[in-house]
Amino acid sequence: MNSSARYPAFKQGVFLLFLFLVLQIGLMIISLTLEFFLPGPFPPFVRNLIPFIAIVIILAHGCRQNGESFRQAFPVRPFRAVLLPPMLFALLGLNIIVSELDNLLQRVLPVPEWFAKFFAEGGPELLFMLVVLAPVLEELFFRGLMLRGFLSRYGAARAILGSALLFAVAHFNPWQFAAAFCAGLLFGWWFLRTGSLLPCMLGHAVHNGLPFLLSLLQLKIPGYTEPGSSQPYWFDLLGVLLLLAGILLLRRKLAESNST
């Protein structure tokens with residue numbers, strides 16, 4: 001093993017995923033126990049913070065294992081603004097594609113009513129969690145801790161694939177698996193090429209916030225903003241073209257920056 005190898009290796013990453021689940025269960029038991037002795041239950045927002053508290057505990061564990069400070073362990077560096085447009089193109093294209101993949105899955109495995117209701121009635125608290133907390137803490141966990149560990153031990157493709165797979169599994173439901181896995185691949189590549197978690201966090205925030213934005217704009221696209229059908233063929237094609245254009249343009253911008 002490389003003497004500069006970081007924590008975790010893939011098997012340790014699987015253990016961290018198991019630990020993530022155990023911590024959530026433990027924190028939920030603690031919250032329910034406290035509620036038993038309090039006059040009333042905690043607000044739903046407090047319970048929804050439990051996964052993020054679990055991530056913070058794991059991040060502290062990762063820093064200790066690598067013997068680094070938080071700033072050393074998780075590089076959140078500025079990156080060139082010229083990279084933003086191709087990143088946005090790729091992200092929008094990916095969002096369209098995974099939306100259609102979700103439509104195909106839901107024909108076989110419909111979304112449960114409770115799951116759909118959670119996202120439909122979340123309100124400002126859900127928006128804050130999905131657009132602020134999740135992008136920051138999940139990127140620190142899966143790209144900052146896991147991917148950096150994998151990159152120090154394996155080839156780039158294997159490391160990105162492994163971290164994206166664990167990121168998808170960590171959602172613990174099949175309806176978010178495709179979106180999380182594909183986004184994990186894209187964000188992993190961004191981190192590899194920029195060396196910064198910042199574009200991953202921004203991309204994650206945009207990806208999670210798009211449904212809220214489209215709802216405000218009241219756009220009506222079958223299968224995309226209106227569930228229950230497939231997306232138009234032209235819309236799927238637009239997604240593919242945006243994704244390819246974003247990736248190719250980003251590669252060109254990165255090559256230009258490396259040559260100067």
# chains A, B, ... in the order shown; residues from 1 in each chain; ligands from 1

call {"tool": "residues_around", "arguments": {"residues": "A:Gln231", "least_positions_apart": "6", "cutoff": "10 Å", "atoms": "only C-alpha atoms", "output": "PDB file with C-alpha atoms, in the first residue's frame"}}
result
ATOM      1  CA  ILE A  96     -32.929  16.067 -17.419  1.00  0.00           C
ATOM      2  CA  ILE A  97     -31.468  12.611 -18.081  1.00  0.00           C
ATOM      3  CA  SER A  99     -35.376  12.680 -14.430  1.00  0.00           C
ATOM      4  CA  GLU A 100     -36.247  10.363 -17.310  1.00  0.00           C
ATOM      5  CA  ASN A 103     -39.734   8.008 -14.754  1.00  0.00           C
ATOM      6  CA  ILE A 221     -42.933  19.915 -19.020  1.00  0.00           C
ATOM      7  CA  PRO A 222     -44.531  16.442 -19.069  1.00  0.00           C
ATOM      8  CA  GLY A 223     -42.516  13.905 -17.106  1.00  0.00           C
ATOM      9  CA  TYR A 224     -40.189  16.595 -15.742  1.00  0.00           C
ATOM     10  CA  THR A 225     -42.238  19.131 -13.818  1.00  0.00           C
TER      11      THR A 225
END

call {"tool": "atom_distance", "arguments": {"atom1": "atom CA of A:Ile30", "atom2": "atom CA of A:Ile57"}}
result
15.3 Å

call {"tool": "closest_residue", "arguments": {"among": "A:Arg64, A:Lys220, A:Arg47, A:Arg77", "to": "A:Met201", "atoms": "only C-alpha atoms"}}
result
A:Arg77

call {"tool": "residues_around", "arguments": {"residues": "A:Val132", "least_positions_apart": "6", "cutoff": "12 Å", "atoms": "only C-alpha atoms", "output": "list in words"}}
result
Phe52, Pro124, Glu125, Leu126, Glu138, Glu139, Met201, Leu202, Gly203, His204, Ala205, Val206, His207, Asn208 and Gly209 of chain A

call {"tool": "residues_around", "arguments": {"residues": "A:Leu16", "least_positions_apart": "2", "cutoff": "12 Å", "atoms": "only C-alpha atoms", "output": "PyMOL selection string"}}
result
chain A and resi 7-14+18-23+54-55+57-59+61-62+141-142+145-146+163+166-167+169-170

call {"tool": "atom_distance", "arguments": {"atom1": "atom CA of A:Gly123", "atom2": "atom CA of A:Leu214"}}
result
15.1 Å

call {"tool": "atom_distance", "arguments": {"atom1": "atom CA of A:Ile53", "atom2": "atom CA of A:Gly26"}}
result
11.3 Å
